[in-house]
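Here is target.pdb, consisting of PDB, C-alpha atoms, pLDDT in the B column:
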```pdb
MODEL        1
ATOM      1  CA  MET A1319       1.276  20.425  -8.455  1.00 46.00           C
ATOM      2  CA  ILE A1320       2.104  19.107  -4.979  1.00 49.00           C
ATOM      3  CA  VAL A1321       5.628  18.266  -6.168  1.00 46.00           C
ATOM      4  CA  TRP A1322       5.935  21.801  -7.540  1.00 45.00           C
ATOM      5  CA  LYS A1323       4.667  23.376  -4.297  1.00 47.00           C
ATOM      6  CA  ILE A1324       6.997  21.304  -2.123  1.00 48.00           C
ATOM      7  CA  HIS A1325      10.123  21.420  -4.261  1.00 48.00           C
ATOM      8  CA  GLY A1326       9.519  24.555  -6.334  1.00 53.00           C
ATOM      9  CA  GLU A1327       9.939  22.440  -9.458  1.00 57.00           C
ATOM     10  CA  PRO A1328       7.355  23.107 -12.150  1.00 71.00           C
ATOM     11  CA  GLY A1329       5.727  20.445 -14.188  1.00 76.00           C
ATOM     12  CA  ARG A1330       2.475  19.942 -15.976  1.00 79.00           C
ATOM     13  CA  PHE A1331      -0.540  17.704 -15.588  1.00 78.00           C
ATOM     14  CA  VAL A1332      -1.260  15.646 -18.654  1.00 81.00           C
ATOM     15  CA  TYR A1333      -4.595  13.977 -19.158  1.00 81.00           C
ATOM     16  CA  ASN A1334      -3.787  10.709 -20.841  1.00 81.00           C
ATOM     17  CA  GLU A1335      -6.113  10.204 -23.770  1.00 83.00           C
ATOM     18  CA  MET A1336      -7.752   6.809 -23.651  1.00 84.00           C
ATOM     19  CA  SER A1337     -10.888   5.235 -24.946  1.00 86.00           C
ATOM     20  CA  PHE A1338     -13.989   5.077 -22.800  1.00 87.00           C
ATOM     21  CA  GLU A1339     -13.637   1.294 -22.696  1.00 88.00           C
ATOM     22  CA  THR A1340     -10.044   1.538 -21.406  1.00 82.00           C
ATOM     23  CA  ALA A1341     -11.028   4.093 -18.753  1.00 82.00           C
ATOM     24  CA  LEU A1342     -13.955   1.942 -17.671  1.00 84.00           C
ATOM     25  CA  GLU A1343     -11.695  -1.097 -17.507  1.00 82.00           C
ATOM     26  CA  ILE A1344      -9.195   0.756 -15.287  1.00 79.00           C
ATOM     27  CA  VAL A1345     -11.937   2.055 -12.983  1.00 79.00           C
ATOM     28  CA  PHE A1346     -13.569  -1.363 -12.731  1.00 80.00           C
ATOM     29  CA  TYR A1347     -10.221  -3.044 -12.083  1.00 78.00           C
ATOM     30  CA  LEU A1348      -9.170  -0.457  -9.481  1.00 76.00           C
ATOM     31  CA  MET A1349     -12.433  -0.299  -7.594  1.00 74.00           C
ATOM     32  CA  PHE A1350     -13.733  -3.819  -7.674  1.00 77.00           C
ATOM     33  CA  HIS A1351     -10.919  -6.236  -8.388  1.00 75.00           C
ATOM     34  CA  THR A1352      -7.974  -4.479  -6.792  1.00 74.00           C
ATOM     35  CA  GLY A1353      -9.787  -2.464  -4.152  1.00 74.00           C
ATOM     36  CA  PHE A1354     -12.896  -4.024  -2.746  1.00 78.00           C
ATOM     37  CA  CYS A1355     -12.346  -7.677  -3.634  1.00 82.00           C
ATOM     38  CA  SER A1356      -8.778  -7.797  -2.330  1.00 83.00           C
ATOM     39  CA  GLY A1357      -9.546  -5.615   0.681  1.00 84.00           C
ATOM     40  CA  ILE A1358     -12.604  -7.567   1.757  1.00 89.00           C
ATOM     41  CA  ALA A1359     -11.262 -11.035   1.012  1.00 90.00           C
ATOM     42  CA  GLU A1360      -7.838 -10.554   2.589  1.00 91.00           C
ATOM     43  CA  GLU A1361      -8.978  -8.616   5.644  1.00 93.00           C
ATOM     44  CA  VAL A1362     -11.909 -10.878   6.473  1.00 92.00           C
ATOM     45  CA  MET A1363      -9.622 -13.894   6.068  1.00 93.00           C
ATOM     46  CA  PHE A1364      -6.459 -12.652   7.797  1.00 93.00           C
ATOM     47  CA  ARG A1365      -7.699 -10.057  10.306  1.00 93.00           C
ATOM     48  CA  GLY A1366     -11.106 -11.622  10.841  1.00 92.00           C
ATOM     49  CA  VAL A1367     -11.163 -15.412  10.670  1.00 94.00           C
ATOM     50  CA  LEU A1368      -7.493 -16.386  11.061  1.00 94.00           C
ATOM     51  CA  THR A1369      -6.752 -13.852  13.802  1.00 93.00           C
ATOM     52  CA  ARG A1370      -9.769 -15.005  15.826  1.00 93.00           C
ATOM     53  CA  ILE A1371      -8.862 -18.712  15.431  1.00 95.00           C
ATOM     54  CA  CYS A1372      -5.242 -18.053  16.456  1.00 95.00           C
ATOM     55  CA  GLU A1373      -6.237 -15.876  19.414  1.00 94.00           C
ATOM     56  CA  ASP A1374      -8.741 -18.428  20.698  1.00 95.00           C
ATOM     57  CA  GLY A1375      -6.361 -21.354  20.231  1.00 95.00           C
ATOM     58  CA  PHE A1376      -2.915 -19.929  20.937  1.00 95.00           C
ATOM     59  CA  GLY A1377      -3.230 -16.451  22.427  1.00 93.00           C
ATOM     60  CA  LYS A1378      -2.857 -12.890  21.221  1.00 91.00           C
ATOM     61  CA  ARG A1379       0.860 -13.063  20.350  1.00 89.00           C
ATOM     62  CA  VAL A1380       0.311 -15.885  17.860  1.00 92.00           C
ATOM     63  CA  ALA A1381      -2.769 -14.026  16.586  1.00 92.00           C
ATOM     64  CA  TRP A1382      -0.447 -11.211  15.508  1.00 91.00           C
ATOM     65  CA  ILE A1383       2.357 -13.367  14.080  1.00 92.00           C
ATOM     66  CA  LEU A1384       0.672 -16.226  12.198  1.00 94.00           C
ATOM     67  CA  PRO A1385      -1.870 -14.179  10.187  1.00 94.00           C
ATOM     68  CA  THR A1386       0.934 -11.750   9.284  1.00 94.00           C
ATOM     69  CA  PHE A1387       3.049 -14.638   8.004  1.00 94.00           C
ATOM     70  CA  PHE A1388       0.171 -15.978   5.895  1.00 94.00           C
ATOM     71  CA  PHE A1389      -0.673 -12.455   4.666  1.00 93.00           C
ATOM     72  CA  VAL A1390       2.883 -11.906   3.412  1.00 92.00           C
ATOM     73  CA  LEU A1391       3.178 -15.267   1.594  1.00 92.00           C
ATOM     74  CA  PRO A1392       0.845 -14.646  -1.382  1.00 89.00           C
ATOM     75  CA  HIS A1393       2.441 -11.234  -1.943  1.00 85.00           C
ATOM     76  CA  LEU A1394       5.802 -12.898  -2.612  1.00 87.00           C
ATOM     77  CA  ARG A1395       4.824 -14.257  -6.021  1.00 83.00           C
ATOM     78  CA  ASN A1396       6.688 -12.864  -9.023  1.00 77.00           C
ATOM     79  CA  ILE A1397       9.695 -11.916  -6.904  1.00 81.00           C
ATOM     80  CA  GLN A1398      12.730 -11.527  -9.147  1.00 81.00           C
ATOM     81  CA  SER A1399      15.559 -10.588  -6.808  1.00 81.00           C
ATOM     82  CA  VAL A1400      16.717 -10.677  -3.207  1.00 83.00           C
ATOM     83  CA  SER A1401      16.043  -6.939  -2.824  1.00 76.00           C
ATOM     84  CA  ASP A1402      12.481  -7.430  -4.157  1.00 77.00           C
ATOM     85  CA  PHE A1403      12.005 -10.226  -1.636  1.00 85.00           C
ATOM     86  CA  LEU A1404      13.308  -8.173   1.298  1.00 83.00           C
ATOM     87  CA  ASN A1405      11.365  -5.043   0.299  1.00 78.00           C
ATOM     88  CA  THR A1406       8.131  -6.965  -0.121  1.00 82.00           C
ATOM     89  CA  CYS A1407       8.589  -8.830   3.164  1.00 87.00           C
ATOM     90  CA  LEU A1408       9.364  -5.620   5.042  1.00 85.00           C
ATOM     91  CA  PHE A1409       6.475  -3.633   3.621  1.00 83.00           C
ATOM     92  CA  MET A1410       3.850  -6.384   3.760  1.00 88.00           C
ATOM     93  CA  THR A1411       4.829  -7.284   7.327  1.00 90.00           C
ATOM     94  CA  ALA A1412       4.518  -3.646   8.408  1.00 86.00           C
ATOM     95  CA  PHE A1413       1.222  -3.258   6.537  1.00 88.00           C
ATOM     96  CA  SER A1414      -0.162  -6.436   8.105  1.00 92.00           C
ATOM     97  CA  ILE A1415       0.872  -5.395  11.610  1.00 90.00           C
ATOM     98  CA  PHE A1416      -0.689  -1.974  11.058  1.00 87.00           C
ATOM     99  CA  LEU A1417      -3.979  -3.513   9.890  1.00 90.00           C
ATOM    100  CA  THR A1418      -3.981  -5.975  12.781  1.00 91.00           C
ATOM    101  CA  ALA A1419      -3.382  -3.133  15.264  1.00 87.00           C
ATOM    102  CA  LEU A1420      -6.197  -1.163  13.660  1.00 86.00           C
ATOM    103  CA  THR A1421      -8.541  -4.140  13.882  1.00 90.00           C
ATOM    104  CA  TYR A1422      -7.749  -4.697  17.558  1.00 89.00           C
ATOM    105  CA  ARG A1423      -7.995  -0.983  18.306  1.00 85.00           C
ATOM    106  CA  THR A1424     -11.367  -0.466  16.615  1.00 84.00           C
ATOM    107  CA  GLY A1425     -12.839  -3.880  17.367  1.00 88.00           C
ATOM    108  CA  THR A1426     -13.931  -4.336  13.757  1.00 88.00           C
ATOM    109  CA  VAL A1427     -12.310  -5.550  10.565  1.00 91.00           C
ATOM    110  CA  TRP A1428     -14.132  -2.985   8.379  1.00 88.00           C
ATOM    111  CA  ASP A1429     -11.680  -0.138   9.024  1.00 85.00           C
ATOM    112  CA  ALA A1430      -8.850  -2.403   7.877  1.00 88.00           C
ATOM    113  CA  VAL A1431     -10.920  -3.369   4.813  1.00 88.00           C
ATOM    114  CA  PHE A1432     -11.375   0.313   3.922  1.00 84.00           C
ATOM    115  CA  ILE A1433      -7.676   1.203   4.343  1.00 83.00           C
ATOM    116  CA  HIS A1434      -6.529  -1.914   2.497  1.00 85.00           C
ATOM    117  CA  ALA A1435      -8.948  -1.211  -0.373  1.00 82.00           C
ATOM    118  CA  PHE A1436      -7.890   2.455  -0.504  1.00 78.00           C
ATOM    119  CA  TRP A1437      -4.200   1.464  -0.551  1.00 78.00           C
ATOM    120  CA  ASP A1438      -4.751  -1.050  -3.322  1.00 77.00           C
ATOM    121  CA  MET A1439      -6.844   1.363  -5.395  1.00 73.00           C
ATOM    122  CA  PHE A1440      -4.626   4.428  -5.228  1.00 66.00           C
ATOM    123  CA  ALA A1441      -1.232   3.890  -3.645  1.00 61.00           C
ATOM    124  CA  ALA A1442      -0.228   0.465  -4.900  1.00 57.00           C
ATOM    125  CA  ARG A1443      -0.978   1.210  -8.535  1.00 58.00           C
ATOM    126  CA  ASN A1444      -0.002   4.082 -10.832  1.00 60.00           C
ATOM    127  CA  CYS A1445      -3.391   4.067 -12.539  1.00 67.00           C
ATOM    128  CA  VAL A1446      -4.829   7.342 -11.269  1.00 71.00           C
ATOM    129  CA  VAL A1447      -1.927   9.824 -11.139  1.00 70.00           C
ATOM    130  CA  ALA A1448       1.676   9.025 -11.994  1.00 70.00           C
ATOM    131  CA  VAL A1449       4.606  11.395 -11.389  1.00 70.00           C
ATOM    132  CA  SER A1450       7.282  10.904 -13.994  1.00 70.00           C
ATOM    133  CA  SER A1451       9.675  12.473 -16.430  1.00 73.00           C
ATOM    134  CA  GLU A1452       7.432  11.321 -19.283  1.00 76.00           C
ATOM    135  CA  VAL A1453       3.770  10.537 -19.843  1.00 76.00           C
ATOM    136  CA  GLU A1454       2.797   7.223 -18.268  1.00 72.00           C
ATOM    137  CA  ILE A1455       0.471   5.103 -20.379  1.00 74.00           C
ATOM    138  CA  GLY A1456      -2.172   3.410 -18.254  1.00 72.00           C
ATOM    139  CA  ALA A1457      -2.673   6.252 -15.779  1.00 75.00           C
ATOM    140  CA  PHE A1458      -5.500   8.771 -16.058  1.00 78.00           C
ATOM    141  CA  PHE A1459      -3.138  11.654 -15.353  1.00 78.00           C
ATOM    142  CA  THR A1460       0.624  12.138 -15.330  1.00 77.00           C
ATOM    143  CA  TYR A1461       2.397  14.990 -13.612  1.00 75.00           C
ATOM    144  CA  VAL A1462       5.332  15.395 -15.990  1.00 77.00           C
ATOM    145  CA  LEU A1463       8.321  17.095 -14.358  1.00 72.00           C
ATOM    146  CA  GLU A1464      10.127  19.706 -16.429  1.00 73.00           C
ATOM    147  CA  LYS A1465      13.499  18.947 -14.812  1.00 65.00           C
ATOM    148  CA  PRO A1466      13.412  15.269 -13.834  1.00 56.00           C
ATOM    149  CA  GLU A1467      17.146  15.219 -13.101  1.00 56.00           C
ATOM    150  CA  MET A1468      16.248  17.015  -9.850  1.00 53.00           C
ATOM    151  CA  TYR A1469      14.433  13.864  -8.704  1.00 52.00           C
ATOM    152  CA  PRO A1470      16.830  10.915  -8.611  1.00 52.00           C
ATOM    153  CA  LEU A1471      14.106   8.563  -7.376  1.00 51.00           C
ATOM    154  CA  LEU A1472      12.361   8.888 -10.733  1.00 50.00           C
ATOM    155  CA  HIS A1473      15.385   7.378 -12.451  1.00 47.00           C
ATOM    156  CA  MET A1474      15.285   4.304 -10.235  1.00 46.00           C
ATOM    157  CA  LYS A1475      13.124   1.290 -10.720  1.00 47.00           C
ATOM    158  CA  THR A1476      10.292   1.087  -8.203  1.00 44.00           C
ATOM    159  CA  ASN A1477      11.912  -1.774  -6.283  1.00 43.00           C
ATOM    160  CA  GLU A1478      15.124   0.223  -5.820  1.00 47.00           C
ATOM    161  CA  TYR A1479      13.480   2.835  -3.611  1.00 49.00           C
ATOM    162  CA  MET A1480      10.610   0.772  -2.211  1.00 51.00           C
ATOM    163  CA  TRP A1481      12.823   0.038   0.815  1.00 52.00           C
ATOM    164  CA  LEU A1482      12.534   3.728   1.750  1.00 58.00           C
ATOM    165  CA  ILE A1483       8.741   3.645   1.592  1.00 58.00           C
ATOM    166  CA  SER A1484       8.736   0.338   3.482  1.00 56.00           C
ATOM    167  CA  ALA A1485      10.995   1.693   6.202  1.00 59.00           C
ATOM    168  CA  MET A1486       8.846   4.809   6.646  1.00 66.00           C
ATOM    169  CA  PHE A1487       5.699   2.691   6.812  1.00 61.00           C
ATOM    170  CA  LEU A1488       7.337   0.367   9.338  1.00 59.00           C
ATOM    171  CA  VAL A1489       8.360   3.319  11.549  1.00 65.00           C
ATOM    172  CA  CYS A1490       4.808   4.689  11.410  1.00 70.00           C
ATOM    173  CA  THR A1491       3.383   1.264  12.247  1.00 62.00           C
ATOM    174  CA  VAL A1492       5.671   0.829  15.235  1.00 60.00           C
ATOM    175  CA  GLY A1493       4.787   4.366  16.327  1.00 67.00           C
ATOM    176  CA  VAL A1494       1.070   3.578  16.215  1.00 65.00           C
ATOM    177  CA  ILE A1495       1.587   0.391  18.194  1.00 59.00           C
ATOM    178  CA  LEU A1496       3.752   2.055  20.835  1.00 60.00           C
ATOM    179  CA  THR A1497       1.436   5.040  21.296  1.00 67.00           C
ATOM    180  CA  ASN A1498      -1.566   2.755  21.766  1.00 62.00           C
ATOM    181  CA  ARG A1499       0.144   0.373  24.147  1.00 55.00           C
ATOM    182  CA  VAL A1500      -1.475   0.138  27.579  1.00 50.00           C
ATOM    183  CA  LYS A1501       0.619  -0.632  30.653  1.00 45.00           C
ATOM    184  CA  LYS A1502      -0.362  -3.832  32.454  1.00 46.00           C
ATOM    185  CA  ASP A1503      -0.715  -2.093  35.819  1.00 43.00           C
ATOM    186  CA  GLN A1504      -3.377   0.310  34.532  1.00 45.00           C
TER
ENDMDL
END
```
Just give me the structure as structure tokens.
Amino acid sequence: MIVWKIHGEPGRFVYNEMSFETALEIVFYLMFHTGFCSGIAEEVMFRGVLTRICEDGFGKRVAWILPTFFFVLPHLRNIQSVSDFLNTCLFMTAFSIFLTALTYRTGTVWDAVFIHAFWDMFAARNCVVAVSSEVEIGAFFTYVLEKPEMYPLLHMKTNEYMWLISAMFLVCTVGVILTNRVKKDQ
């Protein structure tokens, strides 16, 4: 519907029939495994423990760089091409910097946990709503476009346009950092 309102291109929502067990499995996986477990574990480790150790031992600059490096590393598994590697590095670095800035800004890791969990539950997976030229198995709903040729990104593999999403996220992250920067003389 949002795609239709923005682009004037009609489509239809399709509820993907699935068993109760499959739906429960998706919800459990999204909420607990992908969302809360990853969000809590990674943020407490990288933005909580590791950032504090680095800041106390080496200063704030290292506290931004080293946890970001270690946050990106586990996300590089299953990389199949150079473009996958670059896209993942770019996005995960931007995401890590954003979460670190948020943690410093708010003084707590729990906001970063919430955003990380939300990202993992809804944005990083196509399990809730997928937009496609055909019904996506494994998502609760699919918005099926009537004229998919109008949307060239749908014909690409995810990794072929992930650079665009990564670049936009990086620009937003830099924008947040620059707007929250305090001059030393103040």
Please identify every residue of region 1334-1370 of chain A that has at least one atom no farther than 12 Å from an atom of region 1379-1388 of chain A, counting only C-alpha atoms, and for each give the shortest atom pair and the distance in Å to one decimal, arranged by chain then increasing number, as a tab-separated table.
```
residue	atom	partner	partner_atom	distance
A:Glu1360	CA	A:Phe1388	CA	10.2
A:Glu1361	CA	A:Pro1385	CA	10.1
A:Val1362	CA	A:Pro1385	CA	11.2
A:Met1363	CA	A:Pro1385	CA	8.8
A:Phe1364	CA	A:Pro1385	CA	5.4
A:Arg1365	CA	A:Pro1385	CA	7.1
A:Gly1366	CA	A:Pro1385	CA	9.6
A:Val1367	CA	A:Pro1385	CA	9.4
A:Leu1368	CA	A:Pro1385	CA	6.1
A:Thr1369	CA	A:Ala1381	CA	4.9
A:Arg1370	CA	A:Ala1381	CA	7.1
```
_Taking the file as I've supplied it (selection: the PyMOL selection byres ((chain A and resi 1454) around 12)), which residues are included? Please answer as a PyMOL selection string._
chain A and resi 1331-1336+1444-1453+1455-1463
Go ahead and save the residues from that selection, with C-alpha atoms, as a compact mmCIF listing (two decimals), in the coordinates of the input.
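As a result, part-v8.txt now contains:
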```txt
# COMPACT_ATOMS: atom_id res chain seq x y z
CA PHE A 1331 -0.54 17.70 -15.59
CA VAL A 1332 -1.26 15.65 -18.65
CA TYR A 1333 -4.60 13.98 -19.16
CA ASN A 1334 -3.79 10.71 -20.84
CA GLU A 1335 -6.11 10.20 -23.77
CA MET A 1336 -7.75 6.81 -23.65
CA ASN A 1444 0.00 4.08 -10.83
CA CYS A 1445 -3.39 4.07 -12.54
CA VAL A 1446 -4.83 7.34 -11.27
CA VAL A 1447 -1.93 9.82 -11.14
CA ALA A 1448 1.68 9.02 -11.99
CA VAL A 1449 4.61 11.40 -11.39
CA SER A 1450 7.28 10.90 -13.99
CA SER A 1451 9.68 12.47 -16.43
CA GLU A 1452 7.43 11.32 -19.28
CA VAL A 1453 3.77 10.54 -19.84
CA ILE A 1455 0.47 5.10 -20.38
CA GLY A 1456 -2.17 3.41 -18.25
CA ALA A 1457 -2.67 6.25 -15.78
CA PHE A 1458 -5.50 8.77 -16.06
CA PHE A 1459 -3.14 11.65 -15.35
CA THR A 1460 0.62 12.14 -15.33
CA TYR A 1461 2.40 14.99 -13.61
CA VAL A 1462 5.33 15.40 -15.99
CA LEU A 1463 8.32 17.10 -14.36
```
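CA of Ala1419 (chain A) lies 14.3 Å from CA of Phe1432 (chain A).
With CA of Phe1413 (chain A) on one side and CA of Asp1429 (chain A) on the other, the separation reads 13.5 Å.
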*So which residues get picked by the PyMOL selection byres ((chain A and resi 1391) around 12) here, written as a list in words?*
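On the file shown, the PyMOL selection byres ((chain A and resi 1391) around 12) covers Phe1364, Leu1384, Pro1385, Thr1386, Phe1387, Phe1388, Phe1389, Val1390, Pro1392, His1393, Leu1394, Arg1395, Asn1396, Ile1397, Phe1403, Thr1406, Cys1407, Leu1408, Met1410, Thr1411 and Ser1414 of chain A.
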*CA of Ile1344 (chain A) and CA of Val1431 (chain A), how far apart in Å?*
20.6 Å
